[in-house]
Every structure is written in C-alpha cells, then in structure tokens.
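Worksheet: the structure to be examined is printed underneath.
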Amino acid sequence: MTSRQRVLNTFAYEKTDRVPINYSANGGINERLKKHFGVTPGGKLDLVDYLHVDFRGMGAPYTGPRLHFGDPERGINADPLWGQRTRWINHSYGGYEDNCEFPLKDADEQAVADYPMPNPDDFDYAAALEYCKEERNGRDRAIFAGGAGLADIINVNGRFRTMEQAFIDLITADPAGTLLTERRLDIEFKITERLLDKCKGHIDFLWMGEDLGTQRGPIISLELFRKEIRPRHQKFIYLAKSYGLPVMMHCCGSSSFAFEDFIEMGVNSVDTLQPEAADMSPEYIKKTFGGRLAFHGGVSTAGPLAFGSAEEAVADVTHKLDVYAPGGGYMFSPAHMIQDNTPTGNVVEVYKKVLEYRS
C-alpha cells in the first residue's frame with residue numbers, strides 16, 4: 001500500500017498492510033538519528049525515509065512583512081508573525097525555547113484589537129499546491145493540513161496572556177481574552193479555508209488540537225469545554241467535512257472525558273494518548289472508544305523509550321501495538337516529541353519493530 005492509502009484506511013478502520021508510522025523529536029535526538037543512518041544535507045533519503053514515516057505536514061508559506069521582533073541583546077526571540085516571546089534555555093540534554101514574556105498579559109480589548117496579526121492574504125497558497133503535487137508524485141505520503149496547534153485556545157492564549165490568565169479568561173469570559181481567541185481563530189480559519197480550497201484533492205486530513213488534561217485529570221470541566229471551546233472547534237471540523245476530510249484532534253494529558261464530545265463533533269482520530277495519564281491506558285481507550293475513534297500516539301516519551309534498555313523499549317511498544325492494532329484504527333507515534341535524553345538505539349529498535357509488526 002502507499003502511505004496515503006495506509007493512513008486513510010486506518011482512519012476508516014479498514015485493512016492495511018501494516019500500522020502507519022509517524023515521527024516527532026527534539027533537535028538533539030533528531031541529529032543523532034541522522035548521524036546513525038548517514039543522512040546528509042541534499043542526500044537522496046531523509047530521516048523520515050529511513051524510519052518509514054507515512055505522514056507529511058504542509059502549509060502555505062508566509063510572504064508578508066515581519067510583524068514582530070525580538071531583543072537579541074537580552075536573548076529574547078519573537079515569532080515573526082504572532083510575537084510570542086521566548087528564550088533558549090539549556091538543560092543537561094539539550095534545550096528548549098521557553099516562553100519568557102507575555103505581550104498581551106495585561107492588555108485590554110483595545111490593545112488586543114491593535115495587536116499586529118498576519119493577514120490571510122499574505123500567504124502563498126499556490127506554493128502549497130505545488131508542494132502537495134510534488135509529494136503526491138514522489139513518496140505519496142498522507143498529507144495533512146494544520147497541526148497540533150491549529151485552533152488551540154488554552155496553550156496559545158497562554159503564550160500571550162500567561163497560562164493563569166488564559167484560564168481566568170475562559171472562566172470569566174474576559175473581553176480581552178475572548179477577543180484574542182476570536183481574532184486568532186478567525187485568521188487561522190480563513191487561512192485553513194483558502195489552503196483546503198487551493199489544495200483540494202491533495203490534502204488527506206486536517207489536524208487540530210487542544211490540551212485538555214493534566215496527568216491526573218481534566219484541566220477544565222466538561223461544561224467549560226462545551227461552552228467556550230467546542231463551538232469554536234466545531235467550525236474547523238465542519239470546514240474539513242465540507243472537503244470530505246477526516247479530522248485528527250491532538251489532546252495531551254487525561255483527556256478522554258471529552259472523547260464522546262469529539263465523536264459527536266465529527267472528530268475521527270485522537271492524538272497523543274499519554275498512557276501514564278489518568279483514564280488513558282491503552283486498554284481503557286481501546287475498549288471504550290475503539291471502532292468509533294482512530295488512535296495516533298500512545299507511546300510515552302517519559303517511559304522505557306527514554307529510560308529503559310532497547311529490549312524494554314521494544315517490549316513496551318509491542319504491548320501498545322498488541323492492544324491498539326487489532327481490528328485496525330491505530331497509527332504509531334510517540335505521545336510527545338521524542339526527548340533528547342532518549343538513547344538513539346532505543347528509537348532505532350522501536351521503529352524497526354513497528355515496521356515489522358503484524359496484528
């Protein structure tokens with residue numbers, strides 16, 4: 001089967017030749033894997049080819065003016081389109097861009113209304129179409145639009161307003177916080193709509209997200225989700241359905257409390273499936289939602305993959321496959337980006353196992 005056929009069949013719980021494979025990792029382990037496989041710049045094969053990855057994300061390149069600038073003297077970076085401000089923080093294994101300042105923390109409605117945001121006209125949708133055509137004529141991977149952050153409210157607003165204020169905004173329907181959500185999602189919706197229209201027939205599914213859980217339980221109530229988040233997400237899902245596309249919802253932590261709502265909304269697959277979180281064990285998820293949702297993820301990046309031997313990592317992944325894969329509907333992926341403290345050999349052996357696995 002082609003990657004595209006394999007992924008679309010999995011969304012539909014139809015027969016596949018093997019489990020679809022996805023990959024996401026931090027910079028350190030990513031570079032070590034490239035070195036392991038001998039990946040070189042401009043080479044014929046990339047890392048995703050060696051790992052037999054079936055997915056490829058796409059988007060329209062931005063062509064407008066830079067809207068936000070950082071402060072290099074203080075080591076502060078700024079996203080050029082949205083202005084989220086970060087600083088590189090080193091740790092013993094590598095590092096992360098950590099949010100360090102919050103440009104709309106104390107903003108009122110007028111400040112939010114005046115805040116520079118990208119214009120949907122300033123994207124090259126024709127270039128996105130050409131990318132899709134090249135991919136389709138090459139590896140024919142499953143192409144998705146969006147990603148884990150598309151239509152996200154809590155996390156992204158937190159980067160503008162602080163996480164504390166983002167939750168206060170939701171609970172109190174704060175006018176400034178509400179306007180931030182409406183402005184952002186309106187722009188994202190228009191970009192997505194134009195992207196799906198321009199690339200019609202070449203995009204295979206829409207990926208969007210919202211983190212709804214901690215490790216111990218829901219991060220917000222189901223009532224608050226239904227009041228403030230579900231109606232806004234529903235617009236994106238309806239848009240995808242109008243183009244005949246399945247929808248994957250990224251959702252970290254203990255998020256299964258919202259899965260019945262996801263099904264009602266038209267979500268086809270859930271992503272991350274952190275196995276250590278409450279009510280997120282593979283057995284519970286498969287028994288409760290199998291056949292009604294497809295599953296993408298499920299392999300902890302804080303478990304044997306990072307801290308065990310190669311044999312233990314393979315055994316852990318084999319268990320996940322044995323639970324999720326029978327009957328179809330499972331796409332292999334780490335539950336988060338593979339972290340830099342993960343042994344290279346563990347990743348190599350796990351991906352080898354998944355490629356060979358048959359349920």
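Ordering of the structure tokens sets the chain letters (A, B, ...); residue numbers start at 1 within each chain; ligands are numbered from 1 in the order shown.
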
(message) Quick one: residues within 6 Å of Ile76 (chain A), only C-alpha atoms, excluding same-chain residues fewer than 5 positions away - as a list in words?
(response)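 Residues near the query, excluding close chain neighbours: Gly70, Asp71, Thr86 and Arg87 of chain A.
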
Next, dump the selected residues to file, keeping only C-alpha atoms, as a PDB file, in the first residue's frame.
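The resulting part14.pdb:
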ATOM      1  CA  GLY A  70      12.824  40.002  19.456  1.00  0.00           C
ATOM      2  CA  ASP A  71      15.512  41.508  21.645  1.00  0.00           C
ATOM      3  CA  THR A  86      10.838  33.002  24.058  1.00  0.00           C
ATOM      4  CA  ARG A  87      14.348  32.484  25.372  1.00  0.00           C
TER       5      ARG A  87
END

(request) List every residue of region 9-176 of chain A that DSSP, applied to the backbone of this structure, assigns to strand (DSSP E), and report them as a list in words. (result)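 Matching residues for strand (DSSP E) in region 9-176 of chain A are Phe55, Arg56, Gly57, Met58, Ile76, Asn77, Ala78, Arg85, Thr86, Arg87, Trp88, Ile89, Asn90, His91, Gly94, Gly95, Tyr96, Glu97, Asp98, Asn99, Cys100, Glu101, Ala142, Ile143, Phe144, Ala145 and Gly146 of chain A.
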
(request) Check the DSSP output for the backbone and give back, as JSON, numbers by chain, the residues of region 4-230 of chain A in helix (DSSP H, G or I). (result) {"A": [4, 5, 6, 7, 8, 9, 10, 11, 27, 28, 29, 30, 31, 32, 33, 34, 35, 36, 37, 47, 48, 49, 50, 72, 73, 74, 109, 110, 111, 112, 113, 114, 125, 126, 127, 128, 129, 130, 131, 132, 133, 134, 135, 136, 137, 154, 155, 156, 157, 158, 159, 160, 161, 163, 164, 165, 166, 167, 168, 169, 170, 171, 172, 175, 176, 177, 178, 179, 180, 181, 182, 183, 184, 185, 186, 187, 188, 189, 190, 191, 192, 193, 194, 195, 196, 197, 198, 222, 223, 224, 225, 226, 227, 228, 229, 230]}

(message) Could you list, as JSON, numbers by chain, every residue within 12 Å of Met1 (chain A), counting only C-alpha atoms and ignoring same-chain residues fewer than 6 positions away?
(response) {"A": [7, 8, 9, 10, 15, 16, 17, 18, 19, 20, 54, 139, 140, 141, 142]}

Which region 21-76 of chain A residues have any atom within 8 Å of an atom of region 102-119 of chain A, and for each, what is the nearest pair of atoms with distance in Å to one decimal, counting only C-alpha atoms, rows sorted by chain and number, as a tab-separated table?
residue	atom	partner	partner_atom	distance
A:Gly64	CA	A:Pro118	CA	7.8
A:Leu67	CA	A:Pro116	CA	6.4
A:His68	CA	A:Pro116	CA	7.9

(message) So, with only C-alpha atoms as the atoms that count, which of A:Glu135, A:Glu228, A:Glu31, A:Asp124 lies closest to Thr181 (chain A)?
(response)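 Closest candidate: A:Glu228.
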